[in-house]
Amino acid sequence: MSTHTKLGFSRSLKEVSPPQKENLSIQQVLEMFHSPYTEQLTDRKSEAIVRFCRQRSGGFLLEEMQELIEILRLSIAENNELMQPAIQKICETASVPFIKLRTSDQLKFVPKLSEFLDTLKPILYSPQQESSSQQPELRMPVIKFLKCFAEEGISEIMKEEASFEQQKKQTELSPLQHLLKNGTRNLRALNQSNLIENIIFTMQHYSKQYEYLLPLLELISSCILYRDLAAKFSNFGILKDIVYVIFECEDFRSYIVKSCFEIIWNTIEAVGVASIKLFAVEDIISGLKKLFENIMKQGYKLEDKCLRNEILILLNYLMRDEKALQYFVDKPQAHSIQQQTNFLEVLLFYATIDEVTFYNEPIRTNQLKAFFGTTSEDLEFKKLIWSGILTAVQSGNQAVLEAVKESPFIVTLLLYIDPLANSYAVNRWSPPQKKEIQLHCLGILGNAIVYLKDDFYEKNGLFCLTKFLTNTQELDHKERCLKAFNNASEFEQNYKIKICDEGVMDNLIEFLQNENDNDNPLKIKELCFSIISNLCKECNKNKKLFRQKGAVELMVNALKNPNLGTSARYALYAVSVLDCLWNTILGNRKSEAIFLDSEGLYVLLEFLETCDDMHKKLTLSCLSYLMENPKAIPYFCDWNSPKTMINSTQLLVKIYVAEDQRFGVKYSDGIVMNKLRPLNPQNDPSLRSTNQQGDHKTKHLKSLRIQQEDLESDVGSEAYLVRRITEKSAEYDLRAIVFAILYRTGFDKNELLPNEKQMVEVIQLYPHFKIGEIWREIKYDLEQDKIKPTSDDYHWLMTSIEESEELVMNCMNTQGLIAREFRKVQEEELTKFYDIIRSNKLTK
């Protein structure tokens, strides 16, 4: 297609079209704000900005950041309607990721992103700004820009997370964990900016205008995926504002409500449960009550049930807070009787409604309909609401306890574990669901019994637990049930007798007698020993019952287990066995007689020879207690190790020597070297220094830190308990118990080697040496504090120290005499040996 000129020449349309405008540089646009010719021409500047943004439709360059910040700042400062299209276009273009041309751009210009964000601060709402200076027309573009800016790169991280989950890499941080810890480039820029408070103010201002509220919630939802940013939002009280947004939504099925709950959960995950302490306000608790009741009455869809469960999770967190819990039990001020129901009573009603309805009804009828279904969401609801009530009970709040006692809560839980019950509320669940509910019920009852022991007994709880334990074959059911009995066995003597009256002792002994580990694994047996120990502690009637059941021999067989003192897997099991021995047999002469006749003392000594250090203290204590019985002394004297053939006294001397090495006691030729501190030379107060005290403090803090790390990690409660028992055992001086045993049996009952006789000289003077060291410490402390005792006290002090020194010197002399006699005997034997050799040579 062509046109013709007046002279008849033709030319193409391309030739007659107006020439293309040259590209603008950002410096040229910025110059228009400073040039005297265009400074007042707002429309020209706005047009130039729009034109430049179109040139950068693929995204601004990072190297243009400083100029872009200046242009945006000047444009906003003009506060002119003609400039609004330009600002909108900048926000629109900035929503596309910034482009770097060189690697150095990342280091030079990315730190300026937070400054770029701060230039938008005047546009966002702030109660401190004058209304005339605010530009509400520009808020939507700015909000959309911030939303896109925060979301940048997150979708890719979510895809990487899905791939990571499929690979199941447990040794490294997942992409989401990296995001939570380090954030993205843009989230770090938002964290360094000053926009957080203005974003929250803007959300509060537009809380009822959904076209603004939705992108703001999506912006916040992206921000809290970064822990540091989530902490800032939380500190500004974002969760409280989010809850109010939920309350203002007329439809609980709204997407706004879903977004708000997503923000709440992500914030809790990033910052921690402490972030919801701001919810402990009466109007928030009452608002959640109305929302919960509304969903319970009108919610029937799957998404309604999911929302209902999410609210319960939030309520469970809230009931951990003492202040918030009080609003659950306080009755609202109302004239209508129907409205005077507190939140806890509402939860108790829905927690027990179906079980109360079908308590004695085996089938469903037209008149009786279940309120809840049997879907996984309904099952989760039951578990959550029961757990929440348990949380309230564990607070010990008297109003909570009274409310639970008056409700059918305990009866409802017992209904699921009562073998005699035949209720539609229980039978309608499938076998896997019923098993899951029973496990949860046992866990709830096991913890609730600590606070509701009398109510539990009055409602036939002990009977139901005993029958359930008798009939179940599931190991996890047995374990949960035994844990409940373990808590119950800690109560006073009358309650322990009530437990045994139900026949629990028979079940426990039966489990222990069953040697099949598949039927009753180690954990089950450990719990059985622990329960029996608690039941017999300070209860002679139960001790007698234990003996009458023939269980004393059971203890002997348990101590014979070759793995008991050597295997790490049996560490806690051994503790429970020794604890049971202490509380069931020791101190009762009849039980001790059966134990001794069953070779129990021999087995105990064999265990002492091979057990770990963490068990030595308990074993020696049991042995010392048993030695108070005169009938046990002959057994002690007759024992010889089947492995090393050493006698009982030699075994105790060996333990004493090991303790001496641990406490740094040194000997020369069997003679103790330190006459001032023969037991604890390393703890000499005169050798203490500030640095040593500081090192001790550092070690203590390190120990506390390690303990905290163990609790927060996945190391497991058993490993943590083993570690704590081992550390606690290291604090004891076993030499005192060795002295106590030998003091009762006699220090010369068995044959000893010369070096062992030297050690016995120290052992039999142990209490005197200990008293002498204590007197020296008292003297040192008085001198350090510059306290001058009275003359009589000082004379007594010095006399006691001198007597101790004299005993040490006598001990050293006796040890030296034994050493000389031993050398003399050796020399005589050597002389006889040489004489025999000489006589043989002469004969030949």
# chains A, B, ... in the order shown; residues from 1 in each chain; ligands from 1

$ select_by_dssp --residues "segment 454-672 of chain A" --states "alpha helix (DSSP H)" --output "ChimeraX atom specification"
/A:454-458,461-471,475-488,493-501,504-513,522-536,540-548,552-559,571-584,589-597,600-610,613-626,632-638,648-662

$ write_last_selection --atoms "C-alpha atoms" --output "compact mmCIF listing (two decimals), in the first residue's frame"
# COMPACT_ATOMS: atom_id res chain seq x y z
CA ASP A 454 -11.32 -38.99 93.83
CA ASP A 455 -13.73 -38.21 91.01
CA PHE A 456 -12.00 -40.85 88.89
CA TYR A 457 -12.43 -43.48 91.60
CA GLU A 458 -16.05 -42.55 92.31
CA GLY A 461 -12.35 -45.50 86.75
CA LEU A 462 -9.96 -47.90 88.48
CA PHE A 463 -12.26 -50.83 87.68
CA CYS A 464 -12.49 -49.86 84.00
CA LEU A 465 -8.73 -49.44 83.70
CA THR A 466 -8.06 -52.79 85.36
CA LYS A 467 -10.54 -54.68 83.17
CA PHE A 468 -9.21 -52.99 80.06
CA LEU A 469 -5.65 -53.95 81.01
CA THR A 470 -6.78 -57.53 81.57
CA ASN A 471 -8.55 -57.88 78.22
CA LEU A 475 1.02 -53.36 73.33
CA ASP A 476 0.41 -49.63 72.90
CA HIS A 477 -2.87 -49.99 74.81
CA LYS A 478 -1.07 -51.80 77.63
CA GLU A 479 1.63 -49.15 77.79
CA ARG A 480 -0.84 -46.24 77.95
CA CYS A 481 -2.89 -48.03 80.58
CA LEU A 482 0.18 -48.78 82.68
CA LYS A 483 1.26 -45.14 82.47
CA ALA A 484 -2.13 -44.18 83.90
CA PHE A 485 -1.65 -46.64 86.78
CA ASN A 486 1.87 -45.34 87.28
CA ASN A 487 0.51 -41.85 87.92
CA ALA A 488 -2.25 -43.19 90.14
CA GLN A 493 -1.63 -45.21 101.06
CA ASN A 494 -5.43 -45.52 100.98
CA TYR A 495 -5.53 -44.91 97.25
CA LYS A 496 -2.75 -47.46 96.66
CA ILE A 497 -4.80 -50.04 98.55
CA LYS A 498 -7.84 -49.22 96.42
CA ILE A 499 -5.81 -49.83 93.29
CA CYS A 500 -4.64 -53.23 94.52
CA ASP A 501 -8.16 -54.14 95.60
CA VAL A 504 -3.97 -54.75 89.41
CA MET A 505 -1.15 -56.56 91.22
CA ASP A 506 -2.14 -59.85 89.57
CA ASN A 507 -1.91 -58.31 86.11
CA LEU A 508 1.47 -56.72 86.80
CA ILE A 509 2.99 -59.93 88.14
CA GLU A 510 1.57 -61.89 85.21
CA PHE A 511 3.19 -59.49 82.73
CA LEU A 512 6.53 -59.83 84.52
CA GLN A 513 6.37 -63.61 84.63
CA LEU A 522 11.03 -54.23 78.05
CA LYS A 523 9.08 -50.97 78.31
CA ILE A 524 6.01 -52.81 79.62
CA LYS A 525 8.05 -54.64 82.25
CA GLU A 526 9.79 -51.43 83.28
CA LEU A 527 6.41 -49.79 83.90
CA CYS A 528 5.22 -52.85 85.85
CA PHE A 529 8.21 -52.70 88.20
CA SER A 530 7.72 -48.95 88.62
CA ILE A 531 4.03 -49.34 89.49
CA ILE A 532 4.67 -52.17 91.96
CA SER A 533 7.39 -50.08 93.59
CA ASN A 534 5.05 -47.12 94.01
CA LEU A 535 2.21 -49.28 95.29
CA CYS A 536 4.40 -50.88 97.95
CA ASN A 540 2.83 -52.65 104.37
CA LYS A 541 -0.44 -54.15 103.18
CA ASN A 542 0.67 -54.05 99.57
CA LYS A 543 4.12 -55.36 100.52
CA LYS A 544 2.43 -58.33 102.15
CA LEU A 545 0.26 -58.85 99.05
CA PHE A 546 3.35 -58.73 96.85
CA ARG A 547 5.01 -61.41 98.99
CA GLN A 548 1.90 -63.59 99.10
CA VAL A 552 9.92 -62.10 95.70
CA GLU A 553 11.43 -64.83 93.53
CA LEU A 554 10.40 -62.69 90.58
CA MET A 555 12.76 -59.97 91.76
CA VAL A 556 15.62 -62.46 92.02
CA ASN A 557 14.99 -63.68 88.48
CA ALA A 558 14.92 -60.09 87.21
CA LEU A 559 18.32 -59.40 88.80
CA ALA A 571 19.58 -48.92 81.71
CA LEU A 572 16.21 -47.55 82.86
CA TYR A 573 14.81 -51.04 83.29
CA ALA A 574 17.59 -51.79 85.79
CA VAL A 575 16.76 -48.61 87.71
CA SER A 576 13.10 -49.64 87.96
CA VAL A 577 14.09 -53.15 89.17
CA LEU A 578 16.38 -51.75 91.89
CA ASP A 579 13.76 -49.21 92.93
CA CYS A 580 11.19 -52.00 93.17
CA LEU A 581 13.61 -54.08 95.27
CA TRP A 582 14.05 -51.15 97.67
CA ASN A 583 10.31 -50.52 98.17
CA THR A 584 8.88 -54.06 98.06
CA ARG A 589 11.88 -59.04 107.45
CA LYS A 590 9.69 -61.80 105.99
CA SER A 591 10.30 -60.64 102.44
CA GLU A 592 14.01 -60.28 103.14
CA ALA A 593 14.12 -63.84 104.49
CA ILE A 594 12.58 -65.21 101.29
CA PHE A 595 14.94 -63.04 99.25
CA LEU A 596 17.99 -64.38 101.10
CA ASP A 597 16.81 -67.99 100.90
CA GLY A 600 18.95 -62.96 96.24
CA LEU A 601 21.98 -61.48 98.01
CA TYR A 602 24.34 -63.54 95.85
CA VAL A 603 22.59 -62.34 92.71
CA LEU A 604 22.70 -58.73 93.95
CA LEU A 605 26.47 -58.95 94.54
CA GLU A 606 27.00 -60.50 91.10
CA PHE A 607 25.03 -57.62 89.60
CA LEU A 608 27.11 -55.10 91.59
CA GLU A 609 30.31 -56.57 90.15
CA THR A 610 29.25 -56.04 86.52
CA ASP A 613 28.39 -46.67 87.24
CA MET A 614 24.86 -45.23 87.08
CA HIS A 615 23.53 -48.34 88.87
CA LYS A 616 26.26 -48.72 91.50
CA LYS A 617 24.82 -46.17 93.91
CA LEU A 618 21.35 -47.78 93.93
CA THR A 619 22.80 -51.28 94.22
CA LEU A 620 25.11 -50.36 97.11
CA SER A 621 22.22 -48.62 98.88
CA CYS A 622 20.08 -51.76 98.56
CA LEU A 623 22.97 -53.87 99.83
CA SER A 624 23.51 -51.54 102.79
CA TYR A 625 19.80 -51.65 103.65
CA LEU A 626 19.84 -55.44 103.44
CA ALA A 632 22.12 -61.38 105.68
CA ILE A 633 25.67 -61.14 107.08
CA PRO A 634 26.52 -64.89 106.73
CA TYR A 635 25.36 -64.80 103.11
CA PHE A 636 27.57 -61.77 102.54
CA CYS A 637 30.62 -63.47 104.05
CA ASP A 638 30.08 -66.70 102.08
CA SER A 648 32.42 -59.65 98.93
CA THR A 649 34.85 -57.51 100.96
CA GLN A 650 37.33 -57.48 98.10
CA LEU A 651 34.56 -56.39 95.75
CA LEU A 652 33.72 -53.44 98.00
CA VAL A 653 37.41 -52.54 98.37
CA LYS A 654 37.68 -52.57 94.58
CA ILE A 655 34.76 -50.12 94.33
CA TYR A 656 36.35 -47.93 97.02
CA VAL A 657 39.66 -47.83 95.12
CA ALA A 658 37.84 -46.77 91.92
CA GLU A 659 36.16 -43.95 93.86
CA ASP A 660 39.52 -42.89 95.29
CA GLN A 661 40.89 -42.57 91.77
CA ARG A 662 37.85 -40.51 90.75

$ residues_around --residues "segment 115-117 of chain A" --least-positions-apart "2" --cutoff "7 Å" --atoms "only C-alpha atoms" --output "list in words"
Ile69, Lys112, Leu113, Thr119, Leu120 and Ser193 of chain A

$ write_last_selection --atoms "N, CA and C atoms" --output "tab-separated table (two decimals), in the first residue's frame"
chain	number	residue	atom	x	y	z
A	69	ILE	N	14.71	5.75	43.24
A	69	ILE	CA	14.29	6.18	44.58
A	69	ILE	C	14.04	7.68	44.61
A	112	LYS	N	19.89	-1.22	48.70
A	112	LYS	CA	19.06	-0.02	48.57
A	112	LYS	C	17.57	-0.33	48.40
A	113	LEU	N	17.25	-1.64	48.32
A	113	LEU	CA	15.83	-2.01	48.16
A	113	LEU	C	14.99	-1.52	49.34
A	119	THR	N	10.34	4.82	50.58
A	119	THR	CA	9.77	5.97	49.87
A	119	THR	C	8.26	5.85	49.71
A	120	LEU	N	7.74	4.62	49.81
A	120	LEU	CA	6.30	4.39	49.68
A	120	LEU	C	5.55	4.59	51.00
A	193	SER	N	13.25	-2.41	56.18
A	193	SER	CA	12.51	-1.17	55.92
A	193	SER	C	11.72	-0.75	57.15

$ select_by_dssp --residues "segment 617-783 of chain A" --states "strand (DSSP E or B)" --output "JSON, numbers by chain"
{"A": [640, 647, 667, 668, 671, 672]}

$ atom_distance --atom1 "atom CA of Lys289 of chain A" --atom2 "atom CA of Ile246 of chain A"
12.5 Å
